[in-house]
>>> print(open('entry-v1.cif').read())   # mmCIF, C-alpha atoms
data_input
loop_
_atom_site.label_atom_id
_atom_site.label_comp_id
_atom_site.auth_asym_id
_atom_site.auth_seq_id
_atom_site.Cartn_x
_atom_site.Cartn_y
_atom_site.Cartn_z
CA MET A 1 3.81 -4.15 30.72
CA GLU A 2 0.25 -5.39 31.09
CA LEU A 3 -2.02 -4.34 28.24
CA ASN A 4 -5.76 -4.55 27.77
CA PHE A 5 -7.29 -4.61 24.30
CA ARG A 6 -10.65 -3.56 22.94
CA PHE A 7 -12.18 -2.26 19.73
CA LEU A 8 -12.08 1.51 19.33
CA THR A 9 -15.11 3.73 18.72
CA VAL A 10 -15.64 7.37 17.81
CA ASP A 11 -15.61 8.10 21.54
CA ASP A 12 -11.89 7.26 21.47
CA LEU A 13 -11.04 9.86 18.80
CA PRO A 14 -9.52 12.38 21.27
CA ALA A 15 -7.22 9.69 22.69
CA ILE A 16 -6.31 8.53 19.17
CA LYS A 17 -5.39 12.08 18.18
CA ASN A 18 -3.24 12.41 21.30
CA LEU A 19 -1.40 9.21 20.38
CA SER A 20 -1.02 10.40 16.79
CA ASP A 21 0.44 13.74 17.87
CA SER A 22 3.05 11.95 20.00
CA MET A 23 4.59 10.18 17.01
CA ASP A 24 7.22 11.07 14.44
CA MET A 25 7.05 11.00 10.64
CA ARG A 26 6.34 7.26 10.62
CA ASN A 27 2.79 8.21 11.59
CA ASP A 28 1.91 8.78 7.93
CA PRO A 29 -0.91 9.17 7.15
CA LYS A 30 -1.68 10.51 10.61
CA ILE A 31 -3.98 8.07 12.38
CA GLY A 32 -5.57 11.00 14.20
CA GLU A 33 -6.92 12.23 10.86
CA THR A 34 -7.97 8.89 9.38
CA ALA A 35 -9.26 7.00 12.43
CA GLU A 36 -12.92 8.00 12.14
CA GLY A 37 -13.14 6.67 8.58
CA ILE A 38 -11.44 3.43 9.62
CA ILE A 39 -13.77 2.97 12.60
CA ASN A 40 -16.76 3.35 10.26
CA ASP A 41 -15.31 0.91 7.71
CA PRO A 42 -17.27 -2.38 7.98
CA LEU A 43 -14.30 -4.38 6.68
CA CYS A 44 -11.83 -3.18 9.30
CA ASP A 45 -11.76 -3.40 13.09
CA LEU A 46 -9.59 -0.77 14.74
CA TYR A 47 -8.43 -1.89 18.16
CA GLY A 48 -6.50 -0.25 20.97
CA ALA A 49 -3.93 -1.35 23.53
CA PHE A 50 -4.42 0.28 26.92
CA ALA A 51 -1.94 0.53 29.81
CA GLU A 52 -3.59 1.60 33.05
CA GLY A 53 -6.44 3.08 31.05
CA LYS A 54 -4.23 5.05 28.65
CA LEU A 55 -4.25 4.35 24.90
CA VAL A 56 -0.65 3.41 24.08
CA GLY A 57 -1.05 1.51 20.81
CA ILE A 58 -3.39 1.01 17.88
CA GLY A 59 -3.83 -1.74 15.32
CA GLY A 60 -6.37 -2.66 12.69
CA LEU A 61 -7.49 -5.98 11.25
CA ARG A 62 -9.00 -5.86 7.78
CA THR A 63 -10.82 -8.79 6.24
CA LEU A 64 -9.68 -9.04 2.61
CA ALA A 65 -11.29 -12.38 1.86
CA GLU A 66 -12.92 -15.22 3.75
CA HIS A 67 -9.51 -16.72 4.52
CA TYR A 68 -7.24 -13.67 4.35
CA ALA A 69 -6.71 -11.06 7.10
CA TRP A 70 -4.57 -7.94 6.95
CA ILE A 71 -2.97 -6.14 9.91
CA GLU A 72 -2.72 -2.40 9.31
CA ASN A 73 -2.62 1.05 10.92
CA VAL A 74 -0.22 -0.07 13.65
CA ARG A 75 0.79 2.98 15.68
CA ILE A 76 2.59 3.16 19.03
CA HIS A 77 2.49 6.17 21.35
CA GLY A 78 5.81 8.03 21.20
CA LYS A 79 6.53 7.45 24.90
CA TYR A 80 5.78 3.72 24.72
CA GLN A 81 7.88 2.65 21.75
CA LYS A 82 10.50 -0.11 22.06
CA LEU A 83 8.67 -1.54 25.08
CA GLY A 84 7.08 -4.53 23.34
CA VAL A 85 3.75 -2.84 22.61
CA GLY A 86 4.11 -3.38 18.86
CA THR A 87 4.64 -7.11 19.28
CA LYS A 88 1.50 -7.40 21.39
CA ILE A 89 -0.47 -5.36 18.83
CA PHE A 90 0.49 -7.90 16.15
CA ASN A 91 -0.24 -10.84 18.44
CA TYR A 92 -3.72 -9.50 19.13
CA GLY A 93 -4.38 -9.03 15.40
CA GLU A 94 -3.28 -12.60 14.72
CA GLU A 95 -5.53 -13.84 17.53
CA LEU A 96 -8.50 -12.05 15.94
CA ALA A 97 -7.65 -13.58 12.56
CA ARG A 98 -7.57 -17.08 14.05
CA LYS A 99 -10.96 -16.53 15.70
CA ARG A 100 -12.34 -15.65 12.27
CA ASN A 101 -10.93 -18.89 10.84
CA CYS A 102 -8.53 -17.04 8.54
CA THR A 103 -5.68 -19.15 7.19
CA ILE A 104 -3.43 -16.25 6.17
CA VAL A 105 -2.55 -13.04 7.96
CA ALA A 106 -0.27 -10.43 6.41
CA TYR A 107 0.94 -6.87 6.73
CA GLN A 108 2.99 -4.27 4.86
CA THR A 109 5.87 -2.13 6.01
CA VAL A 110 8.94 -0.51 4.48
CA THR A 111 12.40 -2.04 4.63
CA GLU A 112 13.72 0.97 6.59
CA ASN A 113 11.23 0.36 9.41
CA LYS A 114 13.60 -2.08 11.08
CA GLY A 115 11.41 -2.49 14.15
CA SER A 116 8.38 -3.53 12.12
CA CYS A 117 10.49 -5.96 10.09
CA ARG A 118 11.99 -7.49 13.23
CA ILE A 119 8.55 -7.99 14.78
CA GLY A 120 7.37 -9.85 11.69
CA GLU A 121 10.41 -12.10 11.59
CA LYS A 122 10.16 -12.75 15.35
CA LEU A 123 6.50 -13.76 15.05
CA GLY A 124 7.04 -16.11 12.12
CA PHE A 125 5.97 -13.89 9.23
CA LYS A 126 7.84 -14.46 5.96
CA ARG A 127 9.09 -11.64 3.75
CA SER A 128 7.63 -12.47 0.35
CA HIS A 129 7.44 -9.42 -1.92
CA GLU A 130 9.26 -6.08 -2.29
CA MET A 131 8.44 -3.10 -4.52
CA THR A 132 10.52 0.06 -4.96
CA SER A 133 8.66 3.36 -5.15
CA PHE A 134 9.27 6.19 -7.61
CA TYR A 135 7.28 9.36 -8.23
CA ILE A 136 6.96 12.33 -10.56
CA ARG A 137 5.13 15.63 -10.31
CA GLN A 138 3.65 15.98 -13.78
CA GLU A 139 2.90 19.67 -13.43
CA LYS A 140 6.63 20.35 -13.45
CA GLU A 141 7.99 17.51 -15.56
CA PHE A 142 5.41 15.90 -17.82
CA TYR A 143 3.87 19.07 -19.18
CA ILE A 144 7.29 20.56 -19.91
CA GLN A 145 8.26 17.47 -21.88
CA ARG A 146 5.00 17.57 -23.80
CA LYS A 147 5.70 21.18 -24.82
CA LYS A 148 9.14 20.08 -26.04
CA ASN A 149 7.45 17.24 -27.98
CA LEU A 150 9.39 14.65 -26.01
CA ILE A 151 6.15 12.87 -25.14
CA GLN A 152 3.40 12.84 -27.75
CA THR A 153 0.39 11.73 -25.75
CA GLU A 154 -1.93 12.71 -28.59
CA ASP A 155 -0.38 10.01 -30.75
CA MET A 156 -0.67 7.31 -28.12
CA PRO A 157 -3.37 4.72 -28.78
CA ASN A 158 -6.09 4.69 -26.16
CA LEU A 159 -5.20 2.48 -23.25
CA GLU A 160 -8.23 0.50 -22.18
CA PRO A 161 -8.46 -1.58 -19.01
CA ILE A 162 -8.97 -5.30 -19.27
CA GLN A 163 -11.25 -7.48 -17.17
CA THR A 164 -9.80 -8.62 -13.87
CA ARG A 165 -10.12 -12.32 -14.62
CA GLU A 166 -8.37 -11.86 -17.94
CA ALA A 167 -5.57 -9.97 -16.19
CA LEU A 168 -5.17 -12.69 -13.57
CA SER A 169 -4.99 -15.31 -16.31
CA LEU A 170 -2.46 -13.38 -18.41
CA MET A 171 -0.36 -12.62 -15.34
CA ARG A 172 1.10 -16.12 -15.49
CA LYS A 173 2.80 -15.17 -18.76
CA ILE A 174 4.24 -11.87 -17.52
CA PRO A 175 7.92 -11.95 -16.45
CA ASN A 176 8.38 -11.46 -12.69
CA ALA A 177 4.64 -10.99 -12.15
CA PRO A 178 3.16 -11.85 -8.74
CA THR A 179 1.43 -15.16 -8.16
CA GLU A 180 -0.43 -14.71 -4.87
CA GLU A 181 -0.51 -11.01 -3.88
CA ILE A 182 -0.04 -7.79 -5.79
CA CYS A 183 1.16 -4.43 -4.55
CA ILE A 184 -1.45 -1.64 -4.62
CA GLY A 185 0.89 1.11 -3.50
CA TRP A 186 1.41 1.19 0.25
CA ALA A 187 -0.25 -2.18 0.77
CA TYR A 188 -0.78 -5.54 -0.91
CA ARG A 189 -3.90 -7.45 -1.88
CA PRO A 190 -4.42 -11.15 -2.64
CA LEU A 191 -5.05 -11.90 -6.30
CA ILE A 192 -8.77 -12.52 -5.87
CA ALA A 193 -10.95 -11.14 -8.66
CA SER A 194 -13.73 -9.82 -6.42
CA ILE A 195 -11.34 -7.47 -4.60
CA PHE A 196 -10.63 -5.59 -7.83
CA ASP A 197 -14.04 -5.99 -9.47
CA ASN A 198 -15.59 -4.10 -6.56
CA ASN A 199 -13.22 -1.13 -6.85
CA PRO A 200 -13.60 1.10 -9.95
CA ASP A 201 -10.38 2.92 -9.04
CA MET A 202 -8.30 -0.23 -9.59
CA ASN A 203 -7.75 -1.23 -13.22
CA PHE A 204 -5.43 -3.64 -15.02
CA PHE A 205 -3.66 -2.89 -18.31
CA ILE A 206 -1.58 -5.11 -20.58
CA LEU A 207 0.94 -4.07 -23.23
CA GLU A 208 2.38 -7.20 -24.83
CA ASP A 209 4.39 -8.78 -21.99
CA ALA A 210 4.10 -5.91 -19.50
CA LEU A 211 1.29 -5.48 -16.97
CA ALA A 212 0.18 -2.50 -14.91
CA LEU A 213 -2.28 -2.13 -12.08
CA GLU A 214 -3.48 1.46 -11.94
CA VAL A 215 -4.71 2.60 -8.52
CA ARG A 216 -6.37 5.99 -8.30
CA GLU A 217 -6.46 7.56 -4.85
CA ARG A 218 -9.21 10.08 -4.10
CA ASN A 219 -9.60 12.90 -1.63
CA LEU A 220 -11.89 11.64 1.13
CA GLU A 221 -13.99 14.82 1.12
CA THR A 222 -14.12 15.99 -2.51
CA ARG A 223 -13.71 12.52 -4.08
CA GLU A 224 -11.41 14.05 -6.67
CA ILE A 225 -8.45 11.98 -7.83
CA GLN A 226 -5.39 13.32 -6.02
CA LEU A 227 -2.75 10.85 -7.17
CA VAL A 228 -2.28 7.74 -9.29
CA LYS A 229 -0.14 4.72 -8.47
CA ALA A 230 1.08 2.54 -11.35
CA ILE A 231 2.26 -0.88 -10.22
CA ILE A 232 4.19 -2.40 -13.10
CA TYR A 233 5.66 -5.82 -13.89
CA GLY A 234 7.00 -7.43 -17.04
CA ASN A 235 9.59 -7.20 -19.79
CA GLU A 236 11.69 -4.06 -19.44
CA LYS A 237 11.39 -3.45 -23.21
CA ASN A 238 7.69 -2.68 -22.85
CA VAL A 239 7.53 -1.34 -19.31
CA LEU A 240 8.40 2.26 -20.20
CA SER A 241 5.88 2.36 -23.05
CA LEU A 242 3.21 1.11 -20.68
CA LEU A 243 4.21 3.66 -18.04
CA HIS A 244 4.03 6.50 -20.59
CA LYS A 245 0.56 5.37 -21.58
CA ILE A 246 -0.54 5.36 -17.96
CA ARG A 247 0.79 8.91 -17.65
CA GLY A 248 -0.99 9.98 -20.80
CA ARG A 249 -4.23 8.48 -19.54
CA ASN A 250 -3.81 10.52 -16.34
CA LYS A 251 -2.33 13.65 -17.89
CA ASN A 252 -4.41 15.94 -15.69
CA ILE A 253 -3.26 14.31 -12.43
CA GLU A 254 -0.35 16.09 -10.77
CA TRP A 255 1.25 13.22 -8.83
CA ILE A 256 2.09 9.86 -10.41
CA PHE A 257 3.75 7.11 -8.39
CA CYS A 258 5.34 4.05 -9.94
CA LEU A 259 6.20 0.88 -8.00
CA VAL A 260 8.28 -1.88 -9.53
CA PRO A 261 10.10 -5.07 -8.48
CA GLU A 262 13.88 -5.07 -8.12
CA THR A 263 14.34 -6.36 -11.69
CA LEU A 264 12.86 -3.14 -13.11
CA VAL A 265 14.47 -0.58 -10.79
CA SER A 266 17.30 0.23 -13.21
CA THR A 267 14.75 0.73 -16.01
CA ILE A 268 12.87 3.39 -14.05
CA GLU A 269 16.13 4.96 -12.87
CA GLY A 270 16.77 6.00 -16.47
CA THR A 271 13.60 8.14 -16.60
CA ASP A 272 12.56 11.44 -15.05
CA PHE A 273 10.93 9.63 -12.13
CA LYS A 274 12.58 10.15 -8.75
CA TYR A 275 13.02 7.68 -5.92
CA GLY A 276 10.38 7.80 -3.22
CA ARG A 277 11.99 8.41 0.17
CA VAL A 278 11.02 7.54 3.73
CA TRP A 279 11.56 9.59 6.92
CA ASN A 280 15.32 8.97 7.04
CA GLY A 281 15.94 9.82 3.39
CA LYS A 282 16.43 6.21 2.32
CA LYS A 283 14.59 4.61 -0.60
CA ASN A 284 10.94 3.71 -0.07
CA ILE A 285 10.81 -0.06 -0.58
CA VAL A 286 7.42 -1.53 0.30
CA VAL A 287 7.65 -5.06 1.68
CA LEU A 288 5.01 -7.72 2.34
CA PHE A 289 5.16 -10.00 5.38
CA LYS A 290 2.85 -13.03 5.37
CA LYS A 291 2.06 -15.87 7.75
CA HIS A 292 0.06 -19.06 7.28
CA LEU A 293 -2.02 -19.85 10.35
#
>>> encode(input="entry-v1.cif", output="structure tokens")
Amino acid sequence: MELNFRFLTVDDLPAIKNLSDSMDMRNDPKIGETAEGIINDPLCDLYGAFAEGKLVGIGGLRTLAEHYAWIENVRIHGKYQKLGVGTKIFNYGEELARKRNCTIVAYQTVTENKGSCRIGEKLGFKRSHEMTSFYIRQEKEFYIQRKKNLIQTEDMPNLEPIQTREALSLMRKIPNAPTEEICIGWAYRPLIASIFDNNPDMNFFILEDALALEVRERNLETREIQLVKAIIYGNEKNVLSLLHKIRGRNKNIEWIFCLVPETLVSTIEGTDFKYGRVWNGKKNIVVLFKKHL
């Protein structure tokens, strides 16, 4: 299939919505609802693949740092899946990254998205990081436990964020901590201080030999915090205490997500957090694929 590529504009929003509506649950969040914000984002170029003038695929290339590019928002029209469109979307993103003199290009998917994983492996990307997702709805669980005095948030010392550079320095002493990229929920970011310094909704916390990156996600319209993601690494003896402190700090937020490496999965299994699930009911394991150019 011959494809033509170009950057997308707001004039393409009707075609993007049509593509979005053709997809299944893997179109989450729906690109038809988020495309306008992405198009207006100066750090991301949203591009389209066209077959005989019809939009059949979408991809985005985000510049994370001078040398680091990130492929995201890959969506394929429901009638054009398994026809090689996805591979060409990734190839075009890599081509853009090379033109910008990037030395690394990466993307995130979930282990259950077999097609996305196969494309990465086929194109020379290396699987380098996996995080398992858990969640809790505090309105139903956390508040009940507080009433039963199972969690005494009032007695918890205040948890204060530490400076990014201090966190990056201490990270070398944290068991199983990342060395090059860190999970931020449904994506990864290189461990470059400026990326986190410029985002007040990303904060690092340390409790002895456990580390957490707290990521607060806001409603695009109201700017209210709608959920919190706690990405946690370290010694299992201190991980739960750190997680409880993160929950106490966000006690008015209904949804708390926790993402941990494989070594901490059994620790979180013993709590009231539940496994995050993907469209087929399997565990939500977020995986990083990376390629050196």
>>> resolve_selection(input="entry-v1.cif", expression="the PyMOL selection byres ((chain A and resi 39) around 12)", output="PDB file with C-alpha atoms, in the frame of the given file")
ATOM      1  CA  PHE A   7     -12.180  -2.260  19.730  1.00  0.00           C
ATOM      2  CA  LEU A   8     -12.080   1.510  19.330  1.00  0.00           C
ATOM      3  CA  THR A   9     -15.110   3.730  18.720  1.00  0.00           C
ATOM      4  CA  VAL A  10     -15.640   7.370  17.810  1.00  0.00           C
ATOM      5  CA  ASP A  11     -15.610   8.100  21.540  1.00  0.00           C
ATOM      6  CA  ASP A  12     -11.890   7.260  21.470  1.00  0.00           C
ATOM      7  CA  LEU A  13     -11.040   9.860  18.800  1.00  0.00           C
ATOM      8  CA  ILE A  16      -6.310   8.530  19.170  1.00  0.00           C
ATOM      9  CA  ILE A  31      -3.980   8.070  12.380  1.00  0.00           C
ATOM     10  CA  GLY A  32      -5.570  11.000  14.200  1.00  0.00           C
ATOM     11  CA  GLU A  33      -6.920  12.230  10.860  1.00  0.00           C
ATOM     12  CA  THR A  34      -7.970   8.890   9.380  1.00  0.00           C
ATOM     13  CA  ALA A  35      -9.260   7.000  12.430  1.00  0.00           C
ATOM     14  CA  GLU A  36     -12.920   8.000  12.140  1.00  0.00           C
ATOM     15  CA  GLY A  37     -13.140   6.670   8.580  1.00  0.00           C
ATOM     16  CA  ILE A  38     -11.440   3.430   9.620  1.00  0.00           C
ATOM     17  CA  ASN A  40     -16.760   3.350  10.260  1.00  0.00           C
ATOM     18  CA  ASP A  41     -15.310   0.910   7.710  1.00  0.00           C
ATOM     19  CA  PRO A  42     -17.270  -2.380   7.980  1.00  0.00           C
ATOM     20  CA  LEU A  43     -14.300  -4.380   6.680  1.00  0.00           C
ATOM     21  CA  CYS A  44     -11.830  -3.180   9.300  1.00  0.00           C
ATOM     22  CA  ASP A  45     -11.760  -3.400  13.090  1.00  0.00           C
ATOM     23  CA  LEU A  46      -9.590  -0.770  14.740  1.00  0.00           C
ATOM     24  CA  TYR A  47      -8.430  -1.890  18.160  1.00  0.00           C
ATOM     25  CA  GLY A  48      -6.500  -0.250  20.970  1.00  0.00           C
ATOM     26  CA  ILE A  58      -3.390   1.010  17.880  1.00  0.00           C
ATOM     27  CA  GLY A  59      -3.830  -1.740  15.320  1.00  0.00           C
ATOM     28  CA  GLY A  60      -6.370  -2.660  12.690  1.00  0.00           C
ATOM     29  CA  LEU A  61      -7.490  -5.980  11.250  1.00  0.00           C
ATOM     30  CA  ARG A  62      -9.000  -5.860   7.780  1.00  0.00           C
ATOM     31  CA  ASN A  73      -2.620   1.050  10.920  1.00  0.00           C
TER      32      ASN A  73
END
>>> closest_residue(input="entry-v1.cif", among="A:Ala210, A:Phe204, A:Lys114, A:Glu236", to="A:Lys173", atoms="all atoms listed in the file")
A:Ala210
>>> atom_distance(input="entry-v1.cif", atom1="atom CA of A:Arg75", atom2="atom CA of A:Gly57")
5.6 Å
>>> residues_around(input="entry-v1.cif", residues="A:Val228", least_positions_apart="3", cutoff="8 Å", atoms="all atoms listed in the file", output="count of residues only")
10
>>> closest_residue(input="entry-v1.cif", among="A:His77, A:Arg218, A:Arg223, A:Lys126", to="A:Val105", atoms="only C-alpha atoms")
A:Lys126
>>> resolve_selection(input="entry-v1.cif", expression="the PyMOL selection byres ((chain A and resi 207) around 12)", output="PyMOL selection string")
chain A and resi 157-162+167+170-171+174+204-206+208-213+232-246
>>> resolve_selection(input="entry-v1.cif", expression="the PyMOL selection byres ((chain A and resi 132) around 9)", output="NGL selection string")
:A and (130-131 or 133-134 or 258-262 or 265 or 275-276 or 283-287)
>>> residues_around(input="entry-v1.cif", residues="A:Ala97", least_positions_apart="4", cutoff="12 Å", atoms="only C-alpha atoms", output="VMD selection string")
chain A and resid 44 to 45 60 to 71 90 to 93 101 to 106 291 to 293
>>> write_last_selection(input="entry-v1.cif", atoms="C-alpha atoms", output="PDB file, in the coordinates of the input")
ATOM      1  CA  CYS A  44     -11.830  -3.180   9.300  1.00  0.00           C
ATOM      2  CA  ASP A  45     -11.760  -3.400  13.090  1.00  0.00           C
ATOM      3  CA  GLY A  60      -6.370  -2.660  12.690  1.00  0.00           C
ATOM      4  CA  LEU A  61      -7.490  -5.980  11.250  1.00  0.00           C
ATOM      5  CA  ARG A  62      -9.000  -5.860   7.780  1.00  0.00           C
ATOM      6  CA  THR A  63     -10.820  -8.790   6.240  1.00  0.00           C
ATOM      7  CA  LEU A  64      -9.680  -9.040   2.610  1.00  0.00           C
ATOM      8  CA  ALA A  65     -11.290 -12.380   1.860  1.00  0.00           C
ATOM      9  CA  GLU A  66     -12.920 -15.220   3.750  1.00  0.00           C
ATOM     10  CA  HIS A  67      -9.510 -16.720   4.520  1.00  0.00           C
ATOM     11  CA  TYR A  68      -7.240 -13.670   4.350  1.00  0.00           C
ATOM     12  CA  ALA A  69      -6.710 -11.060   7.100  1.00  0.00           C
ATOM     13  CA  TRP A  70      -4.570  -7.940   6.950  1.00  0.00           C
ATOM     14  CA  ILE A  71      -2.970  -6.140   9.910  1.00  0.00           C
ATOM     15  CA  PHE A  90       0.490  -7.900  16.150  1.00  0.00           C
ATOM     16  CA  ASN A  91      -0.240 -10.840  18.440  1.00  0.00           C
ATOM     17  CA  TYR A  92      -3.720  -9.500  19.130  1.00  0.00           C
ATOM     18  CA  GLY A  93      -4.380  -9.030  15.400  1.00  0.00           C
ATOM     19  CA  ASN A 101     -10.930 -18.890  10.840  1.00  0.00           C
ATOM     20  CA  CYS A 102      -8.530 -17.040   8.540  1.00  0.00           C
ATOM     21  CA  THR A 103      -5.680 -19.150   7.190  1.00  0.00           C
ATOM     22  CA  ILE A 104      -3.430 -16.250   6.170  1.00  0.00           C
ATOM     23  CA  VAL A 105      -2.550 -13.040   7.960  1.00  0.00           C
ATOM     24  CA  ALA A 106      -0.270 -10.430   6.410  1.00  0.00           C
ATOM     25  CA  LYS A 291       2.060 -15.870   7.750  1.00  0.00           C
ATOM     26  CA  HIS A 292       0.060 -19.060   7.280  1.00  0.00           C
ATOM     27  CA  LEU A 293      -2.020 -19.850  10.350  1.00  0.00           C
TER      28      LEU A 293
END
>>> closest_residue(input="entry-v1.cif", among="A:Val110, A:Met1, A:Leu191, A:Leu55", to="A:Lys82", atoms="only C-alpha atoms")
A:Met1
>>> closest_residue(input="entry-v1.cif", among="A:Ile184, A:Ile136, A:Asn203, A:Lys99", to="A:Ile268", atoms="all atoms listed in the file")
A:Ile136
>>> decode(input="entry-v1.cif", residues="stretch 12-42 of chain A", atoms="C-alpha atoms", output="CSV table (one decimal), in the first residue's frame")
chain,number,residue,atom,x,y,z
A,12,ASP,CA,-7.9,17.5,9.6
A,13,LEU,CA,-9.9,17.2,12.9
A,14,PRO,CA,-13.0,15.7,11.2
A,15,ALA,CA,-10.8,13.0,9.5
A,16,ILE,CA,-9.0,12.4,12.8
A,17,LYS,CA,-12.3,11.9,14.6
A,18,ASN,CA,-13.5,9.5,11.8
A,19,LEU,CA,-10.3,7.4,12.3
A,20,SER,CA,-10.7,7.5,16.0
A,21,ASP,CA,-14.3,6.3,15.8
A,22,SER,CA,-13.3,3.3,13.7
A,23,MET,CA,-11.0,1.9,16.4
A,24,ASP,CA,-11.5,-0.4,19.4
A,25,MET,CA,-10.6,0.1,23.0
A,26,ARG,CA,-6.9,0.5,22.2
A,27,ASN,CA,-7.8,4.0,21.1
A,28,ASP,CA,-7.5,5.2,24.6
A,29,PRO,CA,-7.5,8.1,25.2
A,30,LYS,CA,-9.5,8.7,22.0
A,31,ILE,CA,-7.3,10.6,19.5
A,32,GLY,CA,-10.4,12.3,18.2
A,33,GLU,CA,-10.8,14.1,21.5
A,34,THR,CA,-7.1,14.9,22.2
A,35,ALA,CA,-5.8,15.7,18.7
A,36,GLU,CA,-6.5,19.5,18.8
A,37,GLY,CA,-4.4,19.9,21.9
A,38,ILE,CA,-1.6,17.8,20.4
A,39,ILE,CA,-1.6,19.8,17.2
A,40,ASN,CA,-1.2,23.0,19.2
A,41,ASP,CA,1.6,21.5,21.3
A,42,PRO,CA,4.9,23.1,20.2
